[in-house]
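Structure file final_4.txt (compact mmCIF, C-alpha atoms and all ligand atoms) follows.
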# COMPACT_ATOMS: atom_id res chain seq x y z
CA MET A 1 9.30 61.87 -2.40
CA LYS A 2 6.04 60.17 -1.41
CA ALA A 3 5.56 59.52 2.29
CA ILE A 4 2.88 58.84 4.87
CA ILE A 5 2.63 61.70 7.35
CA VAL A 6 0.82 62.25 10.64
CA THR A 7 -0.04 65.61 12.22
CA ASP A 8 -2.75 64.84 14.78
CA GLN A 9 -2.11 62.41 17.63
CA ALA A 10 -5.78 62.14 18.57
CA ALA A 11 -6.68 60.90 15.07
CA GLY A 12 -4.62 57.70 15.35
CA THR A 13 -4.07 55.71 12.15
CA ALA A 14 -7.15 57.41 10.62
CA GLY A 15 -5.11 60.63 10.56
CA MET A 16 -2.41 59.17 8.29
CA THR A 17 -2.16 60.82 4.87
CA LEU A 18 -0.08 60.23 1.76
CA ALA A 19 1.89 63.40 1.00
CA GLU A 20 4.84 64.78 -0.93
CA ARG A 21 7.86 65.48 1.32
CA PRO A 22 11.42 66.67 0.63
CA GLU A 23 13.99 63.90 0.21
CA PRO A 24 16.10 63.54 3.37
CA GLN A 25 19.74 64.61 3.47
CA PRO A 26 22.36 62.42 5.19
CA ALA A 27 23.90 63.77 8.42
CA ILE A 28 27.25 62.65 9.88
CA ASN A 29 27.49 58.83 9.94
CA ASP A 30 24.14 58.50 8.16
CA VAL A 31 23.22 56.69 5.01
CA ILE A 32 20.28 57.38 2.73
CA VAL A 33 18.28 54.22 2.06
CA GLU A 34 15.91 53.82 -0.86
CA ILE A 35 13.20 51.92 0.97
CA HIS A 36 11.77 48.80 -0.62
CA ALA A 37 9.62 47.65 2.31
CA SER A 38 8.58 49.20 5.62
CA GLY A 39 7.11 47.95 8.87
CA PHE A 40 4.94 49.94 11.26
CA VAL A 41 3.70 49.26 14.80
CA PRO A 42 0.31 50.95 15.42
CA THR A 43 1.30 51.88 19.00
CA GLU A 44 3.97 54.20 17.51
CA LEU A 45 1.26 56.83 17.24
CA GLU A 46 1.02 56.84 21.05
CA TRP A 47 4.77 57.31 21.56
CA PRO A 48 5.92 60.90 22.36
CA SER A 49 8.84 60.44 19.93
CA THR A 50 6.42 60.39 16.98
CA TRP A 51 5.28 63.92 17.86
CA THR A 52 8.20 65.74 19.45
CA ASP A 53 12.00 65.75 19.15
CA ARG A 54 14.46 64.97 21.95
CA LEU A 55 14.03 68.53 23.28
CA ASP A 56 10.24 68.04 23.32
CA ARG A 57 9.68 70.41 20.39
CA ASP A 58 6.86 69.68 17.95
CA ARG A 59 8.21 67.79 14.96
CA THR A 60 5.01 67.29 12.98
CA PRO A 61 4.29 66.52 10.23
CA SER A 62 6.25 63.38 11.02
CA ILE A 63 6.72 60.24 8.98
CA PRO A 64 5.95 57.11 11.02
CA GLY A 65 7.35 53.59 10.51
CA HIS A 66 10.62 52.41 12.04
CA GLU A 67 11.43 49.16 10.29
CA LEU A 68 12.90 49.10 6.82
CA ALA A 69 14.57 47.03 4.17
CA GLY A 70 16.09 48.69 1.14
CA VAL A 71 19.22 49.75 -0.73
CA VAL A 72 21.82 52.34 0.31
CA THR A 73 21.93 55.23 -2.18
CA ALA A 74 24.21 57.77 -0.45
CA LEU A 75 26.62 58.07 2.49
CA GLY A 76 26.87 60.97 4.94
CA TYR A 77 30.08 62.65 6.06
CA GLY A 78 32.36 60.12 7.72
CA THR A 79 30.06 57.12 7.28
CA THR A 80 31.83 53.76 7.24
CA GLY A 81 30.77 50.12 7.27
CA LEU A 82 28.13 50.29 4.52
CA SER A 83 28.40 51.06 0.83
CA VAL A 84 26.21 52.52 -1.90
CA GLY A 85 24.20 49.76 -3.58
CA GLN A 86 24.20 47.50 -0.50
CA ARG A 87 20.98 45.75 0.58
CA VAL A 88 20.24 46.61 4.22
CA PHE A 89 17.56 46.30 6.88
CA GLY A 90 17.18 47.78 10.33
CA LEU A 91 15.53 49.95 12.93
CA ALA A 92 15.12 53.71 12.43
CA ASP A 93 15.52 56.33 15.18
CA TRP A 94 12.27 56.92 17.07
CA TYR A 95 12.77 60.70 16.97
CA ARG A 96 13.49 61.08 13.25
CA ASP A 97 11.30 60.79 10.18
CA GLY A 98 10.65 57.12 9.60
CA THR A 99 10.26 54.52 6.94
CA LEU A 100 6.77 54.87 5.43
CA ALA A 101 8.46 56.83 2.65
CA GLU A 102 10.50 56.36 -0.49
CA PHE A 103 13.76 57.35 1.27
CA VAL A 104 15.04 57.65 4.84
CA ALA A 105 18.16 59.17 6.42
CA ILE A 106 19.39 56.79 9.10
CA GLU A 107 22.56 56.20 11.11
CA ALA A 108 24.55 53.39 9.50
CA ARG A 109 24.95 51.64 12.86
CA ASN A 110 21.17 51.07 12.96
CA LEU A 111 21.39 48.85 9.87
CA ALA A 112 22.73 45.42 8.96
CA ALA A 113 23.35 43.74 5.62
CA LEU A 114 20.28 42.02 4.20
CA PRO A 115 21.40 38.81 2.46
CA GLY A 116 20.43 38.55 -1.22
CA ASP A 117 18.18 35.54 -0.61
CA VAL A 118 15.99 37.35 1.95
CA ASP A 119 13.11 39.29 0.43
CA PHE A 120 12.76 42.97 1.33
CA THR A 121 9.23 42.28 2.67
CA VAL A 122 10.61 39.72 5.11
CA GLY A 123 13.54 41.98 6.00
CA ALA A 124 11.18 44.81 6.94
CA SER A 125 9.18 42.53 9.23
CA LEU A 126 12.16 41.55 11.39
CA PRO A 127 13.78 44.50 13.17
CA ILE A 128 11.31 45.41 15.94
CA SER A 129 9.94 41.97 16.78
CA GLY A 130 13.32 40.26 16.26
CA LEU A 131 15.43 42.69 18.29
CA THR A 132 12.79 43.05 21.03
CA ALA A 133 12.57 39.30 21.45
CA TRP A 134 16.35 38.85 21.37
CA GLN A 135 17.10 41.64 23.86
CA GLY A 136 14.26 40.67 26.21
CA LEU A 137 15.23 37.01 26.31
CA PHE A 138 19.01 37.09 26.23
CA GLU A 139 20.14 40.52 27.48
CA HIS A 140 17.48 41.47 30.02
CA GLY A 141 16.08 38.02 30.80
CA ARG A 142 19.46 36.18 30.71
CA LEU A 143 17.67 33.07 29.48
CA ARG A 144 19.50 29.75 29.74
CA ALA A 145 18.70 26.30 28.38
CA GLY A 146 16.36 24.33 30.62
CA GLN A 147 14.55 27.38 31.99
CA SER A 148 10.82 27.97 31.65
CA VAL A 149 9.42 31.05 29.90
CA LEU A 150 5.88 32.42 30.00
CA VAL A 151 5.36 34.32 26.72
CA HIS A 152 2.32 36.58 26.67
CA GLY A 153 0.71 37.30 23.30
CA ALA A 154 2.58 34.34 21.80
CA ALA A 155 0.75 34.56 18.47
CA GLY A 156 1.59 38.27 18.01
CA ALA A 157 4.55 39.85 16.26
CA VAL A 158 6.87 40.03 19.27
CA GLY A 159 5.47 37.01 21.14
CA SER A 160 5.77 34.62 18.20
CA THR A 161 9.42 35.57 17.81
CA VAL A 162 10.02 35.22 21.55
CA ALA A 163 8.48 31.75 21.52
CA GLN A 164 10.63 30.58 18.61
CA LEU A 165 13.91 32.00 19.95
CA ALA A 166 13.24 30.67 23.45
CA ARG A 167 12.53 27.17 22.14
CA GLU A 168 15.66 27.21 20.04
CA ALA A 169 17.62 28.25 23.13
CA GLY A 170 16.39 25.15 24.95
CA ALA A 171 13.71 26.72 27.14
CA TYR A 172 10.30 25.29 28.03
CA VAL A 173 7.79 27.72 26.52
CA ILE A 174 4.28 28.48 27.75
CA GLY A 175 2.41 30.82 25.43
CA THR A 176 -0.67 32.92 26.19
CA GLY A 177 -3.25 34.83 24.20
CA ARG A 178 -6.84 34.67 23.08
CA ALA A 179 -8.66 31.39 22.44
CA ALA A 180 -8.28 31.84 18.68
CA ASP A 181 -4.50 32.18 19.04
CA ARG A 182 -3.90 28.68 20.42
CA GLN A 183 -2.88 26.90 17.21
CA ALA A 184 -0.73 29.78 16.01
CA ALA A 185 1.09 29.96 19.36
CA LEU A 186 1.70 26.20 19.42
CA GLY A 187 2.91 26.45 15.82
CA PHE A 188 5.47 29.07 16.88
CA GLY A 189 6.92 26.68 19.43
CA ALA A 190 4.85 27.08 22.61
CA GLN A 191 4.60 23.72 24.41
CA GLU A 192 1.55 24.80 26.41
CA PHE A 193 -1.03 27.51 25.82
CA VAL A 194 -3.06 29.57 28.28
CA ASP A 195 -6.24 31.18 26.96
CA LEU A 196 -6.19 34.31 29.12
CA ALA A 197 -9.96 34.76 29.01
CA ASN A 198 -10.93 31.18 29.91
CA ASP A 199 -7.99 29.44 31.63
CA VAL A 200 -6.49 30.32 34.99
CA LEU A 201 -3.10 31.95 34.39
CA GLU A 202 -1.87 30.99 37.87
CA ASP A 203 -2.24 27.29 36.99
CA VAL A 204 1.01 27.43 34.99
CA GLY A 205 2.91 27.53 38.30
CA ALA A 206 6.29 29.21 38.78
CA VAL A 207 8.48 30.12 35.79
CA ASP A 208 12.00 31.47 35.39
CA LEU A 209 11.09 34.23 32.96
CA VAL A 210 7.94 36.11 32.02
CA PHE A 211 7.99 38.06 28.73
CA ASP A 212 5.10 40.53 28.92
CA VAL A 213 3.70 42.32 25.85
CA ILE A 214 0.26 42.94 27.39
CA GLY A 215 0.72 44.65 30.79
CA GLY A 216 -2.17 45.80 32.98
CA ASP A 217 -3.75 43.14 35.14
CA ILE A 218 -2.00 40.34 33.21
CA GLY A 219 1.35 41.96 33.93
CA LYS A 220 0.56 42.37 37.63
CA ARG A 221 -0.58 38.78 38.05
CA SER A 222 2.49 37.56 36.16
CA ALA A 223 4.85 39.01 38.77
CA GLY A 224 3.58 36.39 41.21
CA LEU A 225 4.56 33.59 38.82
CA VAL A 226 8.27 34.37 38.76
CA HIS A 227 10.53 31.89 40.62
CA ALA A 228 13.03 33.17 43.17
CA GLY A 229 15.91 34.55 41.10
CA GLY A 230 13.77 34.82 37.97
CA THR A 231 12.87 37.85 35.86
CA LEU A 232 9.78 39.66 34.61
CA VAL A 233 10.59 41.43 31.35
CA SER A 234 8.09 44.00 30.08
CA VAL A 235 7.98 45.85 26.77
CA VAL A 236 4.82 47.77 27.68
CA GLY A 237 6.21 50.23 30.19
CA PRO A 238 7.23 50.15 33.84
CA VAL A 239 5.91 47.10 35.67
CA GLU A 240 3.12 47.70 38.19
CA ALA A 241 4.05 44.71 40.35
CA ARG A 242 7.49 43.19 40.87
CA PRO A 243 8.42 39.56 41.57
CA ALA A 244 8.84 39.03 45.32
CA ASP A 245 12.33 37.59 44.93
CA GLY A 246 13.29 38.34 41.36
CA LEU A 247 14.03 41.09 38.89
CA ALA A 248 11.67 43.29 36.91
CA VAL A 249 12.97 44.96 33.74
CA ASP A 250 11.14 47.15 31.27
CA PHE A 251 12.99 48.31 28.20
CA VAL A 252 12.66 49.85 24.75
CA VAL A 253 14.32 47.96 21.91
CA GLU A 254 17.58 49.30 20.46
CA ALA A 255 19.18 48.81 17.08
CA ASP A 256 22.00 46.28 17.07
CA ARG A 257 23.79 45.18 13.89
CA ALA A 258 25.15 41.92 15.26
CA GLN A 259 21.76 40.87 16.62
CA LEU A 260 20.08 41.73 13.30
CA GLY A 261 22.63 39.40 11.71
CA GLU A 262 21.76 36.59 14.13
CA ILE A 263 18.06 37.08 13.47
CA VAL A 264 18.25 37.13 9.67
CA GLN A 265 20.50 34.07 9.66
CA ARG A 266 17.78 32.17 11.54
CA VAL A 267 15.23 33.23 8.94
CA ARG A 268 17.51 32.01 6.14
CA ASP A 269 18.05 28.60 7.66
CA GLY A 270 14.42 28.09 8.70
CA ARG A 271 14.82 28.38 12.49
CA LEU A 272 12.70 31.55 12.59
CA ARG A 273 9.65 32.61 10.63
CA THR A 274 7.86 35.93 10.69
CA HIS A 275 4.15 36.38 10.78
CA ILE A 276 3.33 38.68 7.84
CA GLY A 277 -0.37 39.31 7.24
CA THR A 278 -1.15 42.12 4.80
CA VAL A 279 1.28 43.46 2.20
CA ALA A 280 0.17 46.77 0.64
CA THR A 281 1.67 49.52 -1.51
CA LEU A 282 2.47 53.01 -0.21
CA ASP A 283 -0.56 54.31 -2.12
CA ASP A 284 -2.76 51.82 -0.23
CA ALA A 285 -0.96 52.08 3.12
CA VAL A 286 -3.52 54.29 4.88
CA ALA A 287 -6.30 51.84 4.03
CA ALA A 288 -4.11 48.90 5.09
CA PHE A 289 -3.52 50.47 8.52
CA ASN A 290 -7.24 51.16 8.93
CA PRO A 291 -8.80 47.78 8.11
CA GLY A 292 -12.47 47.34 8.86
CA GLU A 293 -11.73 44.19 10.82
CA ARG A 294 -8.76 42.81 12.72
CA ARG A 295 -6.33 40.92 10.49
CA PRO A 296 -3.75 38.51 11.85
CA GLY A 297 -0.05 39.07 11.18
CA LYS A 298 2.06 42.10 10.58
CA THR A 299 1.23 44.65 7.89
CA ILE A 300 4.18 45.43 5.61
CA ILE A 301 4.19 48.30 3.12
CA ARG A 302 5.99 47.45 -0.07
CA ILE A 303 7.33 50.82 -1.24
CA ARG A 304 8.92 49.45 -4.43
CA PRO A 305 7.63 46.41 -6.31
N1 LIG B 1 9.30 48.35 24.39
C1 LIG B 1 9.60 47.96 23.17
O1 LIG B 1 10.72 48.09 22.73
C2 LIG B 1 8.54 47.34 22.31
C3 LIG B 1 8.92 46.71 21.12
C4 LIG B 1 7.94 46.07 20.36
C5 LIG B 1 6.61 46.08 20.78
N2 LIG B 1 6.30 46.74 21.93
C6 LIG B 1 4.91 46.73 22.42
O2 LIG B 1 4.55 45.38 22.65
C7 LIG B 1 3.15 45.23 22.43
C8 LIG B 1 2.92 44.04 21.51
O3 LIG B 1 3.46 44.33 20.23
P1 LIG B 1 3.23 43.31 19.02
O4 LIG B 1 3.76 44.00 17.81
O5 LIG B 1 3.72 41.97 19.37
O6 LIG B 1 1.62 43.32 18.96
P2 LIG B 1 0.67 42.20 18.36
O7 LIG B 1 1.25 41.62 17.11
O8 LIG B 1 -0.69 42.81 18.31
O9 LIG B 1 0.70 41.04 19.47
C9 LIG B 1 0.08 41.12 20.72
C10 LIG B 1 -0.66 39.80 20.94
O10 LIG B 1 -1.16 39.76 22.27
C11 LIG B 1 -2.56 39.51 22.21
N3 LIG B 1 -3.23 40.17 23.32
C12 LIG B 1 -3.18 41.49 23.64
N4 LIG B 1 -3.91 41.73 24.74
C13 LIG B 1 -4.44 40.54 25.11
C14 LIG B 1 -5.30 40.13 26.16
N5 LIG B 1 -5.75 41.01 27.06
N6 LIG B 1 -5.64 38.83 26.24
C15 LIG B 1 -5.18 37.95 25.34
N7 LIG B 1 -4.37 38.27 24.31
C16 LIG B 1 -4.01 39.56 24.21
C17 LIG B 1 -2.99 40.11 20.89
O11 LIG B 1 -4.23 39.61 20.48
P3 LIG B 1 -5.24 40.63 19.70
O12 LIG B 1 -4.54 41.05 18.46
O13 LIG B 1 -6.44 39.78 19.48
O14 LIG B 1 -5.48 41.78 20.63
C18 LIG B 1 -1.85 39.65 19.99
O15 LIG B 1 -1.95 38.32 19.59
C19 LIG B 1 2.66 46.57 21.88
O16 LIG B 1 2.09 47.31 22.92
C20 LIG B 1 3.93 47.24 21.39
O17 LIG B 1 3.85 48.65 21.44
C21 LIG B 1 7.22 47.35 22.71

For this file, write the structure as structure tokens.
Amino acid sequence: MKAIIVTDQAAGTAGMTLAERPEPQPAINDVIVEIHASGFVPTELEWPSTWTDRLDRDRTPSIPGHELAGVVTALGYGTTGLSVGQRVFGLADWYRDGTLAEFVAIEARNLAALPGDVDFTVGASLPISGLTAWQGLFEHGRLRAGQSVLVHGAAGAVGSTVAQLAREAGAYVIGTGRAADRQAALGFGAQEFVDLANDVLEDVGAVDLVFDVIGGDIGKRSAGLVHAGGTLVSVVGPVEARPADGLAVDFVVEADRAQLGEIVQRVRDGRLRTHIGTVATLDDAVAAFNPGERRPGKTIIRIRP
């Protein structure tokens, strides 16, 4: 099968190449999915799991990409809950070959049904940003209606989903980002916007929840904005400063079939929209991940037309 592979961590996305790889075989409780569309987060190439297995052994050449939408073509030994021919979408294991390929072997529990009226391109854009936003807001952040949420990077893939889900849940949403992101962030549901380069972050006052996708100095300063009893949730590693009288949580997103179902239902009924920028073929994927200039929105690779 055709796949994008990486062998050299230092090369970043420039080191991606299109190659021929053996088709994957299904293990216990796996399915094989014929991939129609795949999502990729550039920071994957910094994650140890792209380069080594769970015992820290080299696993290159590895196939990156962890979001997929496609059709089940085979079941592994003992696999239940999905059937051959079913449309699915989901989040692939960080430590296994991923989704920038024609086929992937993936545990069935990492997938959910993709309704027939949701395009594969949209399906592939949802798992990481959707599940990260959901788990950060509702599991780790325990968000309730009436609370205030500071959403960093509110025009980005994760932040735009956080802003929309938080608004729908009845929260007051303050988005942040670059000056050029203001209109996009407000369009995704932020009621206020802080331009991190030109406004004073501390002017937002105290909030119940901070959702941090930026970290560094912004993350540290955000700890001081959390109300007593509030929470700082980070998806960019362990927090460097903790709220004086609140919780700090950093987490890595996990697959969850029920949550994928909640997320895709919101896309179907118009409560949630994804921010897709470039759509490219597998043959053009390397160029799409190495654009000359920054392009807004998520890049999705359409493996099958
Ligand atoms: N732990 C997890 O499970 C998990 C899951 C998903 C994502 N992540 C991580 O979360 C981060 C965000 O992911 P994403 O897919 O949402 O990325 P993204 O689409 O690039 O969104 C990030 C947004 O924040 C903005 N931003 C970044 N630094 C900024 C700064 N210093 N000042 C103002 N705006 C800034 C970006 O603007 P520019 O594009 O202009 O820089 C962009 O709009 C990544 O590091 C990713 O690895 C972690």

Proximity to A:Ile5 - best of A:Phe188, A:Trp134, A:Phe120, A:Trp51, all atoms listed in the file: A:Trp51

Residues at most 8 Å from ligand LIG 1 (chain B), using only C-alpha atoms and all ligand atoms? Could they come as an mmCIF file with C-alpha atoms, in the coordinates of the input?
data_model
loop_
_atom_site.group_PDB
_atom_site.id
_atom_site.type_symbol
_atom_site.label_atom_id
_atom_site.label_comp_id
_atom_site.auth_asym_id
_atom_site.auth_seq_id
_atom_site.Cartn_x
_atom_site.Cartn_y
_atom_site.Cartn_z
ATOM 1 C CA VAL A 41 3.700 49.260 14.800
ATOM 2 C CA PRO A 42 0.310 50.950 15.420
ATOM 3 C CA THR A 43 1.300 51.880 19.000
ATOM 4 C CA GLU A 44 3.970 54.200 17.510
ATOM 5 C CA ILE A 128 11.310 45.410 15.940
ATOM 6 C CA SER A 129 9.940 41.970 16.780
ATOM 7 C CA THR A 132 12.790 43.050 21.030
ATOM 8 C CA HIS A 152 2.320 36.580 26.670
ATOM 9 C CA GLY A 153 0.710 37.300 23.300
ATOM 10 C CA ALA A 154 2.580 34.340 21.800
ATOM 11 C CA ALA A 155 0.750 34.560 18.470
ATOM 12 C CA GLY A 156 1.590 38.270 18.010
ATOM 13 C CA ALA A 157 4.550 39.850 16.260
ATOM 14 C CA VAL A 158 6.870 40.030 19.270
ATOM 15 C CA GLY A 159 5.470 37.010 21.140
ATOM 16 C CA SER A 160 5.770 34.620 18.200
ATOM 17 C CA THR A 176 -0.670 32.920 26.190
ATOM 18 C CA GLY A 177 -3.250 34.830 24.200
ATOM 19 C CA ARG A 178 -6.840 34.670 23.080
ATOM 20 C CA ALA A 179 -8.660 31.390 22.440
ATOM 21 C CA ASP A 181 -4.500 32.180 19.040
ATOM 22 C CA ASP A 195 -6.240 31.180 26.960
ATOM 23 C CA LEU A 196 -6.190 34.310 29.120
ATOM 24 C CA ALA A 197 -9.960 34.760 29.010
ATOM 25 C CA ASP A 212 5.100 40.530 28.920
ATOM 26 C CA VAL A 213 3.700 42.320 25.850
ATOM 27 C CA ILE A 214 0.260 42.940 27.390
ATOM 28 C CA ILE A 218 -2.000 40.340 33.210
ATOM 29 C CA SER A 234 8.090 44.000 30.080
ATOM 30 C CA VAL A 235 7.980 45.850 26.770
ATOM 31 C CA VAL A 236 4.820 47.770 27.680
ATOM 32 C CA GLY A 237 6.210 50.230 30.190
ATOM 33 C CA ASP A 250 11.140 47.150 31.270
ATOM 34 C CA PHE A 251 12.990 48.310 28.200
ATOM 35 C CA VAL A 252 12.660 49.850 24.750
ATOM 36 C CA VAL A 253 14.320 47.960 21.910
ATOM 37 C CA GLU A 254 17.580 49.300 20.460
ATOM 38 C CA ARG A 294 -8.760 42.810 12.720
ATOM 39 C CA PRO A 296 -3.750 38.510 11.850
ATOM 40 C CA GLY A 297 -0.050 39.070 11.180
ATOM 41 C CA LYS A 298 2.060 42.100 10.580
#

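Using all atoms listed in the file for every distance, the candidate list A:Gly229, A:Pro24, A:Gly130, A:Gly98 yields A:Gly229 as the residue closest to A:Ala244.
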
Gap from atom CA of A:Ala105 to atom CA of A:Arg266 - Å, one decimal: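 Rounded to one decimal, the two atoms are 27.5 Å apart.
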
For atom CA of A:Ala133 and atom CA of A:Ala108, the interatomic separation in Å (one decimal): 22.0 Å

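Among the candidates A:Ile4, A:Val151, A:Leu186, A:Val88, the residue lying nearest to A:Pro115 is A:Val88 (atoms considered: only C-alpha atoms).
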
Counting only C-alpha atoms, the residue of A:Arg242, A:Arg273, A:Arg54, A:Arg109 that sits nearest A:Gln164: A:Arg273

Distance query 10 Å from (20.0, 43.6, 30.0) using all atoms listed in the file, result as a PyMOL selection string: chain A and resi 135-142+233+249-251
